[in-house]
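A.B. asks: Supplied structure: work.cif, mmCIF, C-alpha atoms.
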data_data
loop_
_atom_site.label_atom_id
_atom_site.label_comp_id
_atom_site.auth_asym_id
_atom_site.auth_seq_id
_atom_site.Cartn_x
_atom_site.Cartn_y
_atom_site.Cartn_z
CA MET A 17 2.98 2.88 3.97
CA LYS A 18 4.53 -0.11 5.74
CA THR A 19 8.19 0.37 4.76
CA ASN A 20 10.63 2.33 6.92
CA SER A 21 8.55 1.52 9.96
CA VAL A 22 9.08 0.64 13.61
CA ASN A 23 6.73 -1.78 15.34
CA ILE A 24 5.51 -0.66 18.76
CA LEU A 25 3.22 -3.22 20.46
CA GLY A 26 1.86 -4.37 17.11
CA ILE A 27 1.49 -0.94 15.49
CA ASN A 28 3.81 0.02 12.62
CA PHE A 29 4.93 3.64 12.96
CA ILE A 30 6.53 5.39 10.02
CA ASN A 31 10.18 6.17 10.69
CA LYS A 32 10.75 9.35 8.71
CA SER A 33 11.32 13.01 9.48
CA PHE A 34 8.43 15.45 9.75
CA LEU A 35 9.38 16.99 6.41
CA ASP A 36 9.53 13.58 4.72
CA VAL A 37 6.08 12.70 6.06
CA ALA A 38 4.71 16.05 4.86
CA GLU A 39 6.15 15.42 1.38
CA ILE A 40 4.53 11.97 1.20
CA LEU A 41 1.15 13.43 2.16
CA ASP A 42 1.63 16.17 -0.41
CA ARG A 43 2.14 13.50 -3.09
CA TYR A 44 -0.96 11.63 -1.92
CA ILE A 45 -3.06 14.78 -2.32
CA GLN A 46 -1.50 15.92 -5.59
CA GLY A 47 -2.09 12.46 -7.06
CA ASN A 48 -5.69 12.23 -5.80
CA HIS A 49 -4.62 9.14 -3.85
CA LYS A 50 -7.24 8.29 -1.25
CA SER A 51 -5.44 7.80 2.06
CA PHE A 52 -6.03 7.21 5.76
CA ILE A 53 -3.57 8.72 8.24
CA VAL A 54 -3.45 7.93 11.97
CA THR A 55 -1.64 10.11 14.49
CA ALA A 56 -1.02 7.71 17.37
CA ASN A 57 0.24 8.27 20.91
CA PRO A 58 0.69 5.76 23.79
CA GLU A 59 -2.97 6.08 24.75
CA ILE A 60 -4.08 4.99 21.28
CA VAL A 61 -1.57 2.13 21.23
CA MET A 62 -2.81 0.84 24.59
CA TYR A 63 -6.43 1.11 23.47
CA ALA A 64 -5.56 -0.83 20.33
CA LYS A 65 -3.82 -3.48 22.45
CA ASP A 66 -7.01 -3.95 24.49
CA HIS A 67 -9.42 -3.74 21.52
CA PRO A 68 -8.48 -6.02 18.59
CA ASP A 69 -11.07 -4.47 16.25
CA TYR A 70 -9.56 -1.04 16.76
CA LYS A 71 -6.05 -2.42 16.35
CA GLU A 72 -7.10 -3.83 12.99
CA ILE A 73 -8.36 -0.37 11.97
CA ILE A 74 -5.04 1.25 12.92
CA GLN A 75 -3.10 -1.42 11.06
CA SER A 76 -5.18 -0.76 7.93
CA ALA A 77 -4.04 2.89 7.74
CA ASP A 78 -1.77 4.07 4.94
CA MET A 79 0.43 5.70 7.55
CA VAL A 80 0.69 5.83 11.35
CA VAL A 81 2.75 8.74 12.62
CA PRO A 82 4.39 8.93 16.08
CA ASP A 83 2.37 11.59 17.88
CA GLY A 84 3.67 11.44 21.43
CA VAL A 85 7.04 11.55 23.12
CA GLY A 86 6.20 8.19 24.71
CA ILE A 87 6.32 6.54 21.28
CA ILE A 88 9.78 7.98 20.62
CA LEU A 89 10.98 6.87 24.07
CA ALA A 90 9.59 3.37 23.51
CA SER A 91 11.41 3.06 20.17
CA LYS A 92 14.69 3.96 21.88
CA ILE A 93 14.10 1.44 24.67
CA LEU A 94 13.47 -1.22 22.02
CA LYS A 95 16.75 -0.24 20.27
CA ASN A 96 14.96 0.74 17.07
CA PRO A 97 14.71 4.53 17.41
CA ILE A 98 12.15 6.51 15.48
CA ARG A 99 13.79 9.50 13.87
CA GLU A 100 11.38 12.23 14.93
CA ARG A 101 8.08 12.93 16.64
CA VAL A 102 5.35 13.94 14.18
CA THR A 103 2.45 15.53 16.04
CA GLY A 104 -1.04 15.58 14.67
CA TYR A 105 -1.36 19.31 15.30
CA ASP A 106 1.89 20.18 13.50
CA LEU A 107 0.86 17.97 10.60
CA THR A 108 -2.56 19.66 10.49
CA ILE A 109 -0.96 23.11 10.32
CA ARG A 110 1.50 21.97 7.65
CA LEU A 111 -1.37 20.61 5.54
CA LEU A 112 -3.28 23.87 5.95
CA GLU A 113 -0.18 25.83 4.90
CA GLU A 114 0.18 23.71 1.78
CA ALA A 115 -3.55 23.93 1.11
CA ASN A 116 -3.23 27.71 1.31
CA LYS A 117 -0.40 27.70 -1.26
CA LYS A 118 -2.06 25.23 -3.62
CA ARG A 119 -5.69 26.21 -3.08
CA TRP A 120 -6.68 22.76 -1.86
CA SER A 121 -10.11 22.17 -0.39
CA ILE A 122 -10.81 20.81 3.08
CA TYR A 123 -13.74 19.45 5.06
CA LEU A 124 -13.76 19.76 8.85
CA LEU A 125 -15.79 17.18 10.72
CA GLY A 126 -16.05 17.16 14.50
CA GLY A 127 -16.13 19.16 17.70
CA ARG A 128 -19.08 20.95 19.25
CA GLU A 129 -21.06 23.08 16.79
CA GLU A 130 -19.65 26.34 18.18
CA THR A 131 -16.10 24.93 18.24
CA ASN A 132 -16.42 23.75 14.65
CA HIS A 133 -17.61 27.19 13.51
CA LYS A 134 -14.77 28.94 15.35
CA ALA A 135 -12.19 26.60 13.85
CA VAL A 136 -13.56 27.19 10.34
CA ASP A 137 -13.53 30.98 10.87
CA ASN A 138 -9.94 30.90 12.13
CA ILE A 139 -8.82 28.74 9.21
CA LYS A 140 -10.45 31.20 6.79
CA SER A 141 -8.66 34.07 8.53
CA GLN A 142 -5.20 32.48 8.77
CA PHE A 143 -5.29 30.54 5.49
CA PRO A 144 -7.45 32.65 3.15
CA GLN A 145 -6.64 30.63 0.01
CA VAL A 146 -7.91 27.38 1.53
CA HIS A 147 -11.28 26.40 0.12
CA ILE A 148 -13.64 25.23 2.86
CA ALA A 149 -15.63 22.59 1.02
CA GLY A 150 -17.81 21.95 4.05
CA SER A 151 -17.96 21.34 7.78
CA HIS A 152 -20.11 19.61 10.37
CA HIS A 153 -20.03 19.25 14.15
CA GLY A 154 -19.27 15.87 15.70
CA PHE A 155 -22.62 15.16 17.33
CA PHE A 156 -24.62 13.31 14.73
CA ASP A 157 -26.39 9.99 14.23
CA TRP A 158 -23.94 7.70 12.44
CA GLU A 159 -26.71 5.73 10.78
CA GLU A 160 -28.89 8.65 9.70
CA ASN A 161 -26.89 11.60 8.40
CA THR A 162 -26.01 13.25 5.12
CA ILE A 163 -22.34 13.91 5.92
CA THR A 164 -20.95 11.09 3.79
CA THR A 165 -23.11 12.13 0.84
CA GLU A 166 -22.03 15.76 1.23
CA ILE A 167 -18.33 14.86 1.31
CA LYS A 168 -18.76 12.67 -1.78
CA GLU A 169 -20.39 15.56 -3.61
CA VAL A 170 -17.85 18.28 -2.72
CA ARG A 171 -14.81 15.95 -3.12
CA PRO A 172 -12.42 17.75 -0.74
CA ASP A 173 -8.67 17.19 -0.92
CA ILE A 174 -8.33 16.84 2.87
CA ILE A 175 -10.84 15.67 5.44
CA PHE A 176 -9.94 16.46 9.05
CA VAL A 177 -11.95 14.23 11.39
CA ALA A 178 -12.05 15.49 14.98
CA LEU A 179 -14.27 12.98 16.75
CA GLY A 180 -11.63 11.86 19.24
CA PHE A 181 -10.28 8.33 19.24
CA PRO A 182 -11.48 5.65 18.68
CA LYS A 183 -14.52 7.21 16.97
CA GLN A 184 -12.63 9.23 14.37
CA GLU A 185 -10.68 6.23 13.07
CA GLN A 186 -13.81 4.07 13.22
CA TRP A 187 -15.81 6.63 11.22
CA ILE A 188 -13.07 6.96 8.60
CA THR A 189 -12.74 3.19 8.14
CA GLN A 190 -16.50 2.68 8.06
CA ASN A 191 -16.96 5.27 5.30
CA LEU A 192 -13.68 5.24 3.36
CA ASP A 193 -14.90 2.90 0.62
CA GLN A 194 -17.57 5.41 -0.39
CA PHE A 195 -15.05 8.07 -1.42
CA SER A 196 -12.96 8.28 -4.59
CA LYS A 197 -10.30 10.68 -3.25
CA GLY A 198 -9.15 12.62 -0.21
CA LEU A 199 -6.65 12.46 2.62
CA PHE A 200 -8.53 11.43 5.77
CA MET A 201 -6.83 12.16 9.08
CA GLY A 202 -8.07 11.97 12.66
CA VAL A 203 -7.07 15.18 14.41
CA GLY A 204 -8.78 14.80 17.80
CA GLY A 205 -8.28 17.78 20.09
CA SER A 206 -6.50 19.81 17.42
CA ILE A 207 -9.87 21.31 16.54
CA ASP A 208 -10.01 22.92 20.00
CA VAL A 209 -6.64 24.57 19.36
CA LEU A 210 -7.70 25.67 15.87
CA ALA A 211 -10.83 27.17 17.43
CA GLY A 212 -8.73 29.06 19.99
CA GLU A 213 -10.46 27.31 22.90
CA VAL A 214 -7.32 25.47 24.05
CA GLN A 215 -3.78 26.83 23.99
CA ARG A 216 -0.97 24.60 22.86
CA ALA A 217 2.03 24.24 25.18
CA PRO A 218 4.67 26.98 24.77
CA ARG A 219 7.55 26.06 22.47
CA ILE A 220 10.00 25.53 25.35
CA TRP A 221 7.71 22.88 26.88
CA GLN A 222 7.50 21.16 23.50
CA GLU A 223 11.28 21.21 23.08
CA MET A 224 11.71 19.70 26.56
CA ASN A 225 9.25 16.92 25.64
CA LEU A 226 6.95 18.09 28.44
CA GLU A 227 3.93 19.03 26.37
CA TRP A 228 1.99 16.19 28.02
CA PHE A 229 2.76 17.67 31.47
CA TYR A 230 1.65 21.13 30.37
CA ARG A 231 -1.65 19.67 29.16
CA LEU A 232 -2.10 17.87 32.46
CA ILE A 233 -1.53 21.11 34.41
CA THR A 234 -3.87 23.15 32.23
CA GLN A 235 -6.45 20.36 31.83
CA PRO A 236 -6.31 18.35 35.09
CA SER A 237 -9.41 16.39 34.05
CA ARG A 238 -7.09 14.50 31.67
CA TRP A 239 -5.31 12.70 34.54
CA ARG A 240 -7.16 9.42 33.98
CA ARG A 241 -6.12 9.40 30.33
CA MET A 242 -2.51 10.03 31.35
CA LEU A 243 -2.50 6.70 33.23
CA ALA A 244 -2.09 5.03 29.84
CA ILE A 245 1.51 6.28 29.68
CA PRO A 246 2.94 4.25 32.62
CA ARG A 247 0.90 1.23 31.49
CA PHE A 248 2.37 1.65 28.03
CA LEU A 249 5.95 1.84 29.30
CA ILE A 250 5.46 -1.26 31.46
CA GLN A 251 4.40 -3.15 28.31
CA ILE A 252 7.43 -1.82 26.43
CA PHE A 253 9.83 -3.04 29.14
CA LYS A 254 8.09 -6.44 29.09
CA VAL A 255 8.74 -6.67 25.35
CA LYS A 256 12.37 -5.63 25.86
CA LEU A 257 12.91 -8.27 28.56
CA HIS A 258 11.53 -11.02 26.36
CA LYS A 259 13.62 -10.15 23.32
#
Take the structure I supplied and represent it as structure tokens, if you would.
C.D. replies:
Amino acid sequence: MKTNSVNILGINFINKSFLDVAEILDRYIQGNHKSFIVTANPEIVMYAKDHPDYKEIIQSADMVVPDGVGIILASKILKNPIRERVTGYDLTIRLLEEANKKRWSIYLLGGREETNHKAVDNIKSQFPQVHIAGSHHGFFDWEENTITTEIKEVRPDIIFVALGFPKQEQWITQNLDQFSKGLFMGVGGSIDVLAGEVQRAPRIWQEMNLEWFYRLITQPSRWRRMLAIPRFLIQIFKVKLHK
């Protein structure tokens, strides 16, 4: 999906509302269209800028959604505003809601073994009509595992990959050719929220675009990762000055 996009430091972000994005993904799944979705924030964009191989992976996705207020801010600075933030967690929940209505099947890959089990149990509880086609924790040997074979056999409609970036996107790209169907989406830390191990920021923090600050307060170990945001904005202003 390259149309209706906004380019931020070489990454094309879809410029549609959350509901429009959800409808497109719904069509992908209903039509058995194999697809690769990336939920990208400033940290991912900066990593892609510094790692050309990873940038190529992101650019190969069917859709890159703007997960991060920094992406929205950057689009405004560059005078090409993205309509709406589309977070990976919100998209995950929307897909689970639709899967519950339409009895889609999902596969959950990633997280610690206990976290993965908790997330699966909570999904079963909250979305009882979702078929759990399979699940596996994220600590496995990439070269010697049966995960790809298992996913091929159970043919899930949605595959949530929670390996954290860049691994989740790398794993999807490395294995995508082996599958005939399925919506593959990297969901990172969303699995921790699904498992109930991490609380999402209260709604008011989200509405004030301060979810990143809430996460920093509640998870101070993330401070090094947060340094990507000022670096990202410096790059955006450099682009603006050279336009």
A.B. asks: So how far away is atom CA of A:Lys197 from atom CA of A:Ala115, in Å?
C.D. replies: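 Going from atom CA of A:Ala115 over to atom CA of A:Lys197 covers 15.5 Å.
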A.B. asks: One number please: atom CA of A:Val85 to atom CA of A:Gly154, in Å, one decimal.
C.D. replies: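 Atom-to-atom, atom CA of A:Val85 to atom CA of A:Gly154, that is 27.7 Å.
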A.B. asks: Please determine, counting only C-alpha atoms, which residue among A:Val209, A:Met79, A:Val170, A:Leu179 has the shortest atom-to-atom distance to A:Val37.
C.D. replies: A:Met79
A.B. asks: Centre and edge lengths of an axis-aligned box around all listed atoms of stretch 185-204 of chain A, with 5 Å added on each side, are to be given in Å to one decimal, as AutoDock Vina command-line options.
C.D. replies:
--center_x -12.1 --center_y 8.9 --center_z 6.6 --size_x 20.9 --size_y 22.5 --size_z 32.4
A.B. asks: Just checking: using only C-alpha atoms, which residue out of A:Gly204, A:Glu213, A:His133, A:Tyr44 ends up closest to A:Pro182?
C.D. replies: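 The shortest atom-to-atom distance to A:Pro182 comes from A:Gly204.
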A.B. asks: Can you list, as a list in words, every protein, DNA or RNA residue that comes within 7 Å of A:Tyr123 when you count only C-alpha atoms, leaving out same-chain residues fewer than 5 positions away?
C.D. replies: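 In the requested format, the answer is Ile148, Ala149, Gly150, Ser151, Pro172, Ile174, Ile175 and Phe176 of chain A.
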A.B. asks: Save out the residues we just selected, C-alpha atoms, as a PDB file, keeping the file's coordinate frame.
C.D. replies:
ATOM      1  CA  ILE A 148     -13.640  25.230   2.860  1.00  0.00           C
ATOM      2  CA  ALA A 149     -15.630  22.590   1.020  1.00  0.00           C
ATOM      3  CA  GLY A 150     -17.810  21.950   4.050  1.00  0.00           C
ATOM      4  CA  SER A 151     -17.960  21.340   7.780  1.00  0.00           C
ATOM      5  CA  PRO A 172     -12.420  17.750  -0.740  1.00  0.00           C
ATOM      6  CA  ILE A 174      -8.330  16.840   2.870  1.00  0.00           C
ATOM      7  CA  ILE A 175     -10.840  15.670   5.440  1.00  0.00           C
ATOM      8  CA  PHE A 176      -9.940  16.460   9.050  1.00  0.00           C
TER       9      PHE A 176
END
A.B. asks: Mind telling me what the PyMOL selection byres ((chain A and resi 251) around 12) catches here, as a list in words?
C.D. replies: Ile24, Leu25, Gly26, Pro58, Val61, Met62, Lys65, Ala90, Ile93, Leu94, Ala244, Ile245, Pro246, Arg247, Phe248, Leu249, Ile250, Ile252, Phe253, Lys254, Val255, Lys256, Leu257 and His258 of chain A
A.B. asks: If the PyMOL selection byres ((chain A and resi 147) around 7) were run on this exact file, what residues would it hold? Put them as JSON, numbers by chain.
C.D. replies: {"A": [119, 120, 121, 122, 145, 146, 148, 149]}
A.B. asks: Rounded to one decimal, what separation in Å do you get between atom CA of A:Trp187 and atom CA of A:Thr162?
C.D. replies: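 Value for the atom CA of A:Trp187-atom CA of A:Thr162 distance: 13.6 Å.
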A.B. asks: With the file shown as input, list the residues that the PyMOL selection byres ((chain A and resi 31-34) around 6) selects, as a ChimeraX atom specification.
C.D. replies: /A:20-21,30,35-37,98-100,102
A.B. asks: Compile the contact shell of A:Gln142 as a list in words: residues with an atom at most 12 Å away, counting only C-alpha atoms, same-chain residues fewer than 3 positions apart removed.
C.D. replies: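 Using only C-alpha atoms, the neighbours found are Ile109, Leu112, Glu113, Ala115, Asn116, Ala135, Val136, Asp137, Asn138, Ile139, Gln145, Val146, Leu210 and Ala211 of chain A.
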A.B. asks: Which of these residues is nearest to A:Thr55, using all atoms listed in the file: A:Asp208, A:Asp83, A:Glu130, A:Glu114?
C.D. replies: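 Of A:Asp208, A:Asp83, A:Glu130, A:Glu114, the one nearest A:Thr55 is A:Asp83, counting all atoms listed in the file.
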A.B. asks: Leaving out A:Thr189 and any residue of its chain fewer than 3 positions from it, which residues lie within 9 Å of it when counting all atoms listed in the file, given as an MDAnalysis selection string?
C.D. replies: chainID A and resid 52 73 76:77 184:186 192:193
A.B. asks: May I have the residues at most 9 Å from (-3.6, 6.4, 13.4) in the file's coordinates, counting all atoms listed in the file, as a PyMOL selection string?
C.D. replies: chain A and resi 29+52-57+60+73-75+77-82+185+201-202
A.B. asks: Taking into account only C-alpha atoms, which residue in the set A:Lys71, A:Gln194, A:Phe155, A:Lys95 is nearest to A:Lys168?
C.D. replies: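 Of the candidates, the smallest distance to A:Lys168 is held by A:Gln194.
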A.B. asks: Here is a test: counting only C-alpha atoms, which residue of A:Val177, A:Val22, A:Lys183, A:Tyr63 is nearest to A:Ile88?
C.D. replies: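 The answer is A:Val22, which sits nearest to A:Ile88.
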A.B. asks: Find the spatial neighbours of A:Gly127, counting only C-alpha atoms, within a cut-off of 6 Å - ignore same-chain residues fewer than 2 positions away - and output them as a list of chain:residue names.
C.D. replies: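 Near neighbours after the sequence-gap exclusion: A:Thr131, A:Asn132, A:His153, A:Gly154.
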A.B. asks: How would the residues just picked look written out with C-alpha atoms as a short mmCIF file (atom, residue, chain, number, x, y, z; two decimals), keeping the file's coordinate frame?
C.D. replies:
data_model
loop_
_atom_site.label_atom_id
_atom_site.label_comp_id
_atom_site.auth_asym_id
_atom_site.auth_seq_id
_atom_site.Cartn_x
_atom_site.Cartn_y
_atom_site.Cartn_z
CA THR A 131 -16.10 24.93 18.24
CA ASN A 132 -16.42 23.75 14.65
CA HIS A 153 -20.03 19.25 14.15
CA GLY A 154 -19.27 15.87 15.70
#
A.B. asks: Which one of A:Asn28, A:Ala64, A:Phe195, A:Gly180 sits closest to A:Thr165 if you count all atoms listed in the file?
C.D. replies: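 Ranked by minimum distance to A:Thr165, first place goes to A:Phe195.
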